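*Asks:* Take this structure first; my questions come after.
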Amino acid sequence: MKKLLSFCLVAAAVMLSASAFSQSSTVSAHKFNAKGVGAKLSLPTTDVVAPKPDPKRGSCCIDFDNWTGYTLYVWVDGEYRGTVNAWDEGSVCVGEGWTTYYVRTAGSTYEWEGSGECAGDFNLMIE
């Protein structure tokens with residue numbers, strides 16, 4: 001009986017960890033807030049060399065799926081990470097753990113933001 005119970009617990013743990021590996025979320029826009037978190041973020045004006053990732057820390061890849069007609073600027077963990085063209089997608093890989101993202105249109109009309117535990121792959125549908 002103990003072996004059966006142990007097996008069931010291990011199987012449940014494997015199934016839960018597998019479902020947490022691939023996540024998906026849809027976020028809707030709100031008007032840009034000139035006093036919000038995005039007002040403090042700017043696009044880089046010089047070349048900045050990114051530090052080499054820590055090989056001991058796992059990775060998490062966020063796929064920004066742009067379902068808007070706008071060009072989007074993307075920041076992850078407070079760092080500018082690139083541009084996603086209208087009706088296109090782009091990915092950013094960071095270390096596992098608590099991650100924040102901020103996205104705004106090139107003209108600063110709309111913005112999206114959020115945070116959460118990032119592990120494995122995460123698909124963020126922006127509309």
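Residue numbers start at 1 in each chain; chains themselves are named A, B, ... in the order of the structure tokens; ligands are numbered from 1 in the order shown.
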What's around range 78-90 of chain A at 8 Å? Count only C-alpha atoms, leave out sequence neighbours fewer than 6 positions away in its own chain, and write the answer as a PyMOL selection string.
*Replies:* chain A and resi 41-44+63-72+100-102
*Asks:* Can those selected residues be exported to a file as a CSV table (one decimal), in the first residue's frame so that it contains C-alpha atoms?
*Replies:*
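Listed below is the output, selection_20.csv:
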chain,number,residue,atom,x,y,z
A,41,LEU,CA,12.0,53.1,-18.7
A,42,SER,CA,13.8,54.4,-21.8
A,43,LEU,CA,15.3,52.9,-24.9
A,44,PRO,CA,19.1,52.5,-24.9
A,63,ASP,CA,7.4,34.5,-26.3
A,64,PHE,CA,5.7,37.9,-26.9
A,65,ASP,CA,3.0,37.2,-29.5
A,66,ASN,CA,1.9,40.6,-30.8
A,67,TRP,CA,-1.8,40.5,-32.0
A,68,THR,CA,-1.9,44.3,-32.5
A,69,GLY,CA,-1.2,46.6,-35.4
A,70,TYR,CA,1.5,48.4,-33.3
A,71,THR,CA,5.2,48.1,-33.1
A,72,LEU,CA,6.0,47.2,-29.5
A,100,THR,CA,8.7,41.2,-14.7
A,101,TYR,CA,7.8,42.4,-18.1
A,102,TYR,CA,6.7,45.8,-19.5
*Asks:* Mind checking which residues fall within 8 Å of range 118-125 of chain A, counting only C-alpha atoms, ignoring those fewer than 2 positions away in the same chain, and posting them as a VMD selection string?
*Replies:* chain A and resid 20 to 27 58 to 67 96 to 99 116 127
*Asks:* Write out, as an mmCIF file, in the first residue's frame, the residues just selected, with N, CA and C atoms.
*Replies:*
data_model
loop_
_atom_site.group_PDB
_atom_site.id
_atom_site.type_symbol
_atom_site.label_atom_id
_atom_site.label_comp_id
_atom_site.auth_asym_id
_atom_site.auth_seq_id
_atom_site.Cartn_x
_atom_site.Cartn_y
_atom_site.Cartn_z
ATOM 1 N N ALA A 20 3.307 23.065 -15.384
ATOM 2 C CA ALA A 20 3.863 24.369 -15.056
ATOM 3 C C ALA A 20 4.962 24.771 -16.037
ATOM 4 N N PHE A 21 5.512 23.811 -16.786
ATOM 5 C CA PHE A 21 6.601 24.082 -17.719
ATOM 6 C C PHE A 21 6.168 24.990 -18.852
ATOM 7 N N SER A 22 5.020 24.759 -19.424
ATOM 8 C CA SER A 22 4.548 25.559 -20.542
ATOM 9 C C SER A 22 3.312 26.344 -20.120
ATOM 10 N N GLN A 23 3.445 27.653 -20.063
ATOM 11 C CA GLN A 23 2.370 28.513 -19.608
ATOM 12 C C GLN A 23 1.951 29.443 -20.731
ATOM 13 N N SER A 24 0.723 29.952 -20.629
ATOM 14 C CA SER A 24 0.230 30.883 -21.631
ATOM 15 C C SER A 24 -0.697 31.883 -20.966
ATOM 16 N N SER A 25 -0.670 33.103 -21.441
ATOM 17 C CA SER A 25 -1.517 34.144 -20.883
ATOM 18 C C SER A 25 -1.839 35.163 -21.962
ATOM 19 N N THR A 26 -3.016 35.763 -21.874
ATOM 20 C CA THR A 26 -3.415 36.837 -22.779
ATOM 21 C C THR A 26 -3.556 38.108 -21.962
ATOM 22 N N VAL A 27 -2.961 39.203 -22.434
ATOM 23 C CA VAL A 27 -3.074 40.481 -21.735
ATOM 24 C C VAL A 27 -3.642 41.525 -22.681
ATOM 25 N N GLY A 58 18.555 27.942 -14.204
ATOM 26 C CA GLY A 58 17.770 27.485 -15.348
ATOM 27 C C GLY A 58 17.316 28.653 -16.194
ATOM 28 N N SER A 59 16.740 28.369 -17.345
ATOM 29 C CA SER A 59 16.281 29.464 -18.197
ATOM 30 C C SER A 59 14.777 29.426 -18.388
ATOM 31 N N CYS A 60 14.253 30.578 -18.684
ATOM 32 C CA CYS A 60 12.836 30.759 -18.962
ATOM 33 C C CYS A 60 12.745 31.611 -20.217
ATOM 34 N N CYS A 61 11.994 31.153 -21.200
ATOM 35 C CA CYS A 61 11.837 31.914 -22.435
ATOM 36 C C CYS A 61 10.410 32.450 -22.528
ATOM 37 N N ILE A 62 10.297 33.751 -22.729
ATOM 38 C CA ILE A 62 8.994 34.407 -22.857
ATOM 39 C C ILE A 62 8.791 34.739 -24.327
ATOM 40 N N ASP A 63 7.705 34.244 -24.901
ATOM 41 C CA ASP A 63 7.356 34.531 -26.293
ATOM 42 C C ASP A 63 6.305 35.634 -26.292
ATOM 43 N N PHE A 64 6.659 36.797 -26.828
ATOM 44 C CA PHE A 64 5.731 37.920 -26.936
ATOM 45 C C PHE A 64 5.030 37.812 -28.284
ATOM 46 N N ASP A 65 3.765 37.436 -28.265
ATOM 47 C CA ASP A 65 2.963 37.215 -29.468
ATOM 48 C C ASP A 65 2.097 38.453 -29.692
ATOM 49 N N ASN A 66 2.517 39.317 -30.615
ATOM 50 C CA ASN A 66 1.886 40.619 -30.829
ATOM 51 C C ASN A 66 0.679 40.515 -31.762
ATOM 52 N N TRP A 67 -0.531 40.582 -31.203
ATOM 53 C CA TRP A 67 -1.769 40.532 -31.972
ATOM 54 C C TRP A 67 -2.326 41.939 -32.172
ATOM 55 N N GLU A 96 15.527 31.567 -14.689
ATOM 56 C CA GLU A 96 14.294 31.196 -13.993
ATOM 57 C C GLU A 96 14.137 32.033 -12.735
ATOM 58 N N GLY A 97 12.906 32.192 -12.312
ATOM 59 C CA GLY A 97 12.622 32.917 -11.082
ATOM 60 C C GLY A 97 11.594 34.003 -11.330
ATOM 61 N N TRP A 98 11.472 34.898 -10.372
ATOM 62 C CA TRP A 98 10.502 35.980 -10.467
ATOM 63 C C TRP A 98 10.912 36.919 -11.597
ATOM 64 N N THR A 99 10.007 37.168 -12.531
ATOM 65 C CA THR A 99 10.301 37.959 -13.715
ATOM 66 C C THR A 99 9.211 39.000 -13.919
ATOM 67 N N GLY A 116 5.577 37.487 -12.575
ATOM 68 C CA GLY A 116 5.257 36.157 -12.078
ATOM 69 C C GLY A 116 6.466 35.267 -12.064
ATOM 70 N N GLU A 127 -2.828 41.676 -26.899
ATOM 71 C CA GLU A 127 -3.906 42.166 -27.770
ATOM 72 C C GLU A 127 -4.481 43.447 -27.231
#
*Asks:* I'd like to know which residues of range 10-93 of chain A are helix (DSSP H, G or I) (by DSSP, run on the backbone); could you write them as a list of chain:residue names?
*Replies:*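 Residues of range 10-93 of chain A classed as helix (DSSP H, G or I): A:Val10, A:Ala11, A:Ala12, A:Ala13, A:Val14, A:Met15, A:Leu16, A:Ser17, A:Ala18, A:Ser19, A:Ala20, A:Phe21, A:Val37, A:Gly38, A:Ala39, A:Lys40.
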*Asks:* Write out as number ranges by chain the set of residues from chain A that DSSP, computed on the backbone, places in strand (DSSP E).
*Replies:* A: 22-27, 30-31, 59-66, 72-76, 79-84, 89-95, 97-105, 110-118, 120-126
*Asks:* Please produce an output containing C-alpha atoms for each residue in the selection, written as a PDB file, in the first residue's frame.
*Replies:*
ATOM      1  CA  SER A  22       4.548  25.559 -20.542  1.00  0.00           C
ATOM      2  CA  GLN A  23       2.370  28.513 -19.608  1.00  0.00           C
ATOM      3  CA  SER A  24       0.230  30.883 -21.631  1.00  0.00           C
ATOM      4  CA  SER A  25      -1.517  34.144 -20.883  1.00  0.00           C
ATOM      5  CA  THR A  26      -3.415  36.837 -22.779  1.00  0.00           C
ATOM      6  CA  VAL A  27      -3.074  40.481 -21.735  1.00  0.00           C
ATOM      7  CA  HIS A  30      -4.493  49.981 -21.241  1.00  0.00           C
ATOM      8  CA  LYS A  31      -3.652  53.600 -22.017  1.00  0.00           C
ATOM      9  CA  SER A  59      16.281  29.464 -18.197  1.00  0.00           C
ATOM     10  CA  CYS A  60      12.836  30.759 -18.962  1.00  0.00           C
ATOM     11  CA  CYS A  61      11.837  31.914 -22.435  1.00  0.00           C
ATOM     12  CA  ILE A  62       8.994  34.407 -22.857  1.00  0.00           C
ATOM     13  CA  ASP A  63       7.356  34.531 -26.293  1.00  0.00           C
ATOM     14  CA  PHE A  64       5.731  37.920 -26.936  1.00  0.00           C
ATOM     15  CA  ASP A  65       2.963  37.215 -29.468  1.00  0.00           C
ATOM     16  CA  ASN A  66       1.886  40.619 -30.829  1.00  0.00           C
ATOM     17  CA  LEU A  72       6.046  47.186 -29.458  1.00  0.00           C
ATOM     18  CA  TYR A  73       9.062  47.892 -27.259  1.00  0.00           C
ATOM     19  CA  VAL A  74       9.792  45.180 -24.664  1.00  0.00           C
ATOM     20  CA  TRP A  75      11.505  45.366 -21.265  1.00  0.00           C
ATOM     21  CA  VAL A  76      12.099  42.291 -19.094  1.00  0.00           C
ATOM     22  CA  GLU A  79      16.090  45.977 -19.102  1.00  0.00           C
ATOM     23  CA  TYR A  80      15.180  46.857 -22.678  1.00  0.00           C
ATOM     24  CA  ARG A  81      15.155  43.559 -24.605  1.00  0.00           C
ATOM     25  CA  GLY A  82      13.974  44.500 -28.082  1.00  0.00           C
ATOM     26  CA  THR A  83      11.184  45.318 -30.494  1.00  0.00           C
ATOM     27  CA  VAL A  84       8.295  43.178 -31.724  1.00  0.00           C
ATOM     28  CA  GLU A  89       6.286  37.624 -32.324  1.00  0.00           C
ATOM     29  CA  GLY A  90       9.616  37.637 -30.546  1.00  0.00           C
ATOM     30  CA  SER A  91      11.224  35.735 -27.675  1.00  0.00           C
ATOM     31  CA  VAL A  92      13.375  36.707 -24.730  1.00  0.00           C
ATOM     32  CA  CYS A  93      15.167  34.141 -22.557  1.00  0.00           C
ATOM     33  CA  VAL A  94      16.082  35.001 -18.966  1.00  0.00           C
ATOM     34  CA  GLY A  95      17.028  33.096 -15.842  1.00  0.00           C
ATOM     35  CA  GLY A  97      12.622  32.917 -11.082  1.00  0.00           C
ATOM     36  CA  TRP A  98      10.502  35.980 -10.467  1.00  0.00           C
ATOM     37  CA  THR A  99      10.301  37.959 -13.715  1.00  0.00           C
ATOM     38  CA  THR A 100       8.657  41.241 -14.672  1.00  0.00           C
ATOM     39  CA  TYR A 101       7.761  42.424 -18.146  1.00  0.00           C
ATOM     40  CA  TYR A 102       6.689  45.765 -19.546  1.00  0.00           C
ATOM     41  CA  VAL A 103       5.591  46.395 -23.123  1.00  0.00           C
ATOM     42  CA  ARG A 104       4.515  49.646 -24.775  1.00  0.00           C
ATOM     43  CA  THR A 105       3.697  50.821 -28.249  1.00  0.00           C
ATOM     44  CA  TYR A 110      -0.753  51.710 -24.970  1.00  0.00           C
ATOM     45  CA  GLU A 111       1.114  49.584 -22.449  1.00  0.00           C
ATOM     46  CA  TRP A 112       1.052  46.101 -20.911  1.00  0.00           C
ATOM     47  CA  GLU A 113       2.823  44.903 -17.781  1.00  0.00           C
ATOM     48  CA  GLY A 114       2.943  41.975 -15.428  1.00  0.00           C
ATOM     49  CA  SER A 115       5.094  39.710 -13.327  1.00  0.00           C
ATOM     50  CA  GLY A 116       5.257  36.157 -12.078  1.00  0.00           C
ATOM     51  CA  GLU A 117       7.312  33.060 -11.500  1.00  0.00           C
ATOM     52  CA  CYS A 118       8.969  32.136 -14.788  1.00  0.00           C
ATOM     53  CA  GLY A 120      10.386  26.837 -18.808  1.00  0.00           C
ATOM     54  CA  ASP A 121       8.496  28.546 -21.616  1.00  0.00           C
ATOM     55  CA  PHE A 122       5.858  31.260 -21.317  1.00  0.00           C
ATOM     56  CA  ASN A 123       3.655  32.506 -24.166  1.00  0.00           C
ATOM     57  CA  LEU A 124       2.284  36.022 -23.728  1.00  0.00           C
ATOM     58  CA  MET A 125      -0.434  36.948 -26.248  1.00  0.00           C
ATOM     59  CA  ILE A 126      -0.642  40.744 -26.468  1.00  0.00           C
TER      60      ILE A 126
END
